[in-house]
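Below is one structure, written out as structure tokens, with a few remarks after it.
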Amino acid sequence: MTTTETPATPGGTPPEPQQHRVSGGTIDPRQLITSLPEACRKLDPRVMVKNPVMFVVWVGAVLTTLSAIKNPSIFAWVITVWLWLTAVFANLSEAVAEGRGKAQAETLR
């Protein structure tokens, strides 16, 4: 009785079977563009108050914006932009996730 051996890798271990990987982390630019209006709608304080952490970021962004307008400085404007970008990108990522979930539910129907 003879057995066929699979060729060993240089380390001496047999090669593993190749698996196909599904890329789930790819961001589609069209998806970002279609989710942007929803992300902007979520900047409404009535919506933001449902997420306490992001509401605090939103309040900080509003207060630093007012402070930067009253006493303009580069530091105040950098912090203001940073807080607004945090709020917008958090809402954008949430809107993209909701869009993906809805699309996935549609494909299951």
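Residues are named by chain letter and number: chains run A, B, ... in the order of the structure tokens, numbers start at 1 in each chain, and ligands are numbered from 1 in the order shown.
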*May I have the residues within 10 Å of Gln31 (chain A) as a list in words, using only C-alpha atoms and disregarding those fewer than 3 positions away in the same chain?*
Ile27, Asp28, Thr34, Ser35, Leu36, Ala95, Val96, Ala97, Gly99 and Arg100 of chain A
How would the residues just picked look written out with N, CA and C atoms as an mmCIF file, in the first residue's frame?
data_model
loop_
_atom_site.group_PDB
_atom_site.id
_atom_site.type_symbol
_atom_site.label_atom_id
_atom_site.label_comp_id
_atom_site.auth_asym_id
_atom_site.auth_seq_id
_atom_site.Cartn_x
_atom_site.Cartn_y
_atom_site.Cartn_z
ATOM 1 N N ILE A 27 -15.039 49.885 1.478
ATOM 2 C CA ILE A 27 -15.946 51.027 1.515
ATOM 3 C C ILE A 27 -16.193 51.483 0.084
ATOM 4 N N ASP A 28 -17.451 51.508 -0.285
ATOM 5 C CA ASP A 28 -17.849 51.931 -1.613
ATOM 6 C C ASP A 28 -18.119 53.435 -1.581
ATOM 7 N N THR A 34 -24.382 58.309 -0.783
ATOM 8 C CA THR A 34 -25.813 58.135 -0.513
ATOM 9 C C THR A 34 -26.124 58.199 0.983
ATOM 10 N N SER A 35 -25.158 57.914 1.830
ATOM 11 C CA SER A 35 -25.370 57.958 3.276
ATOM 12 C C SER A 35 -25.131 59.340 3.871
ATOM 13 N N LEU A 36 -24.487 60.234 3.131
ATOM 14 C CA LEU A 36 -24.158 61.559 3.660
ATOM 15 C C LEU A 36 -25.387 62.382 4.054
ATOM 16 N N ALA A 95 -24.769 55.689 9.502
ATOM 17 C CA ALA A 95 -25.662 55.666 8.345
ATOM 18 C C ALA A 95 -25.225 54.611 7.329
ATOM 19 N N VAL A 96 -23.923 54.460 7.130
ATOM 20 C CA VAL A 96 -23.419 53.426 6.207
ATOM 21 C C VAL A 96 -23.764 52.042 6.746
ATOM 22 N N ALA A 97 -23.592 51.833 8.034
ATOM 23 C CA ALA A 97 -23.911 50.533 8.632
ATOM 24 C C ALA A 97 -25.405 50.233 8.497
ATOM 25 N N GLY A 99 -27.357 51.406 6.156
ATOM 26 C CA GLY A 99 -27.589 51.144 4.733
ATOM 27 C C GLY A 99 -27.174 49.739 4.343
ATOM 28 N N ARG A 100 -26.041 49.286 4.863
ATOM 29 C CA ARG A 100 -25.589 47.914 4.581
ATOM 30 C C ARG A 100 -26.550 46.896 5.168
#
*asked:* Need the shell around region 43-47 of chain A: protein/DNA/RNA residues with any atom at most 12 Å away, counting only C-alpha atoms. Skip same-chain ones fewer than 3 positions apart. Format as a ChimeraX atom specification?
replied: /A:36-40,50-52,54-59,61-62,84-92,94-95
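Across the model, the gap from CA of Arg30 (chain A) to CA of Gln104 (chain A) is 16.3 Å.
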*Apply DSSP to the backbone of this structure and, from region 27-90 of chain A, keep only the residues in helix (DSSP H, G or I); write these as a ChimeraX atom specification.*
/A:29-41,45-48,52-70,74-90
How would the residues just chosen look if you wrote them out with C-alpha atoms as a PDB file, in the first residue's frame?
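Below is the file that was written, selection.pdb:
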ATOM      1  CA  PRO A  29     -17.709  55.681  -2.435  1.00  0.00           C
ATOM      2  CA  ARG A  30     -21.277  55.548  -3.761  1.00  0.00           C
ATOM      3  CA  GLN A  31     -22.407  54.187  -0.432  1.00  0.00           C
ATOM      4  CA  LEU A  32     -20.732  57.086   1.377  1.00  0.00           C
ATOM      5  CA  ILE A  33     -22.355  59.640  -0.919  1.00  0.00           C
ATOM      6  CA  THR A  34     -25.813  58.135  -0.513  1.00  0.00           C
ATOM      7  CA  SER A  35     -25.370  57.958   3.276  1.00  0.00           C
ATOM      8  CA  LEU A  36     -24.158  61.559   3.660  1.00  0.00           C
ATOM      9  CA  PRO A  37     -27.641  63.182   3.699  1.00  0.00           C
ATOM     10  CA  GLU A  38     -28.766  60.755   6.408  1.00  0.00           C
ATOM     11  CA  ALA A  39     -25.620  61.548   8.426  1.00  0.00           C
ATOM     12  CA  CYS A  40     -26.389  65.270   8.207  1.00  0.00           C
ATOM     13  CA  ARG A  41     -29.998  64.670   9.306  1.00  0.00           C
ATOM     14  CA  PRO A  45     -30.098  67.661  18.545  1.00  0.00           C
ATOM     15  CA  ARG A  46     -33.338  65.674  18.984  1.00  0.00           C
ATOM     16  CA  VAL A  47     -31.630  62.709  17.315  1.00  0.00           C
ATOM     17  CA  MET A  48     -28.226  63.252  18.944  1.00  0.00           C
ATOM     18  CA  PRO A  52     -25.310  60.485  25.107  1.00  0.00           C
ATOM     19  CA  VAL A  53     -21.646  60.295  24.082  1.00  0.00           C
ATOM     20  CA  MET A  54     -22.208  61.807  20.658  1.00  0.00           C
ATOM     21  CA  PHE A  55     -24.557  64.379  22.173  1.00  0.00           C
ATOM     22  CA  VAL A  56     -21.725  65.567  24.435  1.00  0.00           C
ATOM     23  CA  VAL A  57     -19.453  65.813  21.385  1.00  0.00           C
ATOM     24  CA  TRP A  58     -22.168  67.775  19.554  1.00  0.00           C
ATOM     25  CA  VAL A  59     -22.640  70.178  22.496  1.00  0.00           C
ATOM     26  CA  GLY A  60     -18.853  70.633  22.692  1.00  0.00           C
ATOM     27  CA  ALA A  61     -18.734  71.353  18.960  1.00  0.00           C
ATOM     28  CA  VAL A  62     -21.472  73.972  19.262  1.00  0.00           C
ATOM     29  CA  LEU A  63     -19.859  75.628  22.288  1.00  0.00           C
ATOM     30  CA  THR A  64     -16.373  75.691  20.728  1.00  0.00           C
ATOM     31  CA  THR A  65     -17.857  77.106  17.519  1.00  0.00           C
ATOM     32  CA  LEU A  66     -19.441  79.946  19.485  1.00  0.00           C
ATOM     33  CA  SER A  67     -16.208  80.457  21.417  1.00  0.00           C
ATOM     34  CA  ALA A  68     -14.135  80.484  18.227  1.00  0.00           C
ATOM     35  CA  ILE A  69     -16.451  83.077  16.688  1.00  0.00           C
ATOM     36  CA  LYS A  70     -16.301  85.282  19.802  1.00  0.00           C
ATOM     37  CA  ILE A  74      -6.124  78.978  15.464  1.00  0.00           C
ATOM     38  CA  PHE A  75      -6.378  76.581  18.399  1.00  0.00           C
ATOM     39  CA  ALA A  76     -10.092  77.266  18.900  1.00  0.00           C
ATOM     40  CA  TRP A  77     -10.829  76.697  15.207  1.00  0.00           C
ATOM     41  CA  VAL A  78      -8.772  73.485  15.076  1.00  0.00           C
ATOM     42  CA  ILE A  79     -10.667  72.071  18.051  1.00  0.00           C
ATOM     43  CA  THR A  80     -13.968  73.184  16.517  1.00  0.00           C
ATOM     44  CA  VAL A  81     -13.217  71.482  13.210  1.00  0.00           C
ATOM     45  CA  TRP A  82     -12.004  68.351  15.002  1.00  0.00           C
ATOM     46  CA  LEU A  83     -15.222  68.055  17.042  1.00  0.00           C
ATOM     47  CA  TRP A  84     -17.483  68.657  14.031  1.00  0.00           C
ATOM     48  CA  LEU A  85     -15.571  66.066  11.989  1.00  0.00           C
ATOM     49  CA  THR A  86     -15.955  63.591  14.844  1.00  0.00           C
ATOM     50  CA  ALA A  87     -19.711  64.145  14.973  1.00  0.00           C
ATOM     51  CA  VAL A  88     -20.174  63.975  11.189  1.00  0.00           C
ATOM     52  CA  PHE A  89     -17.999  60.885  10.665  1.00  0.00           C
ATOM     53  CA  ALA A  90     -19.650  59.058  13.565  1.00  0.00           C
TER      54      ALA A  90
END
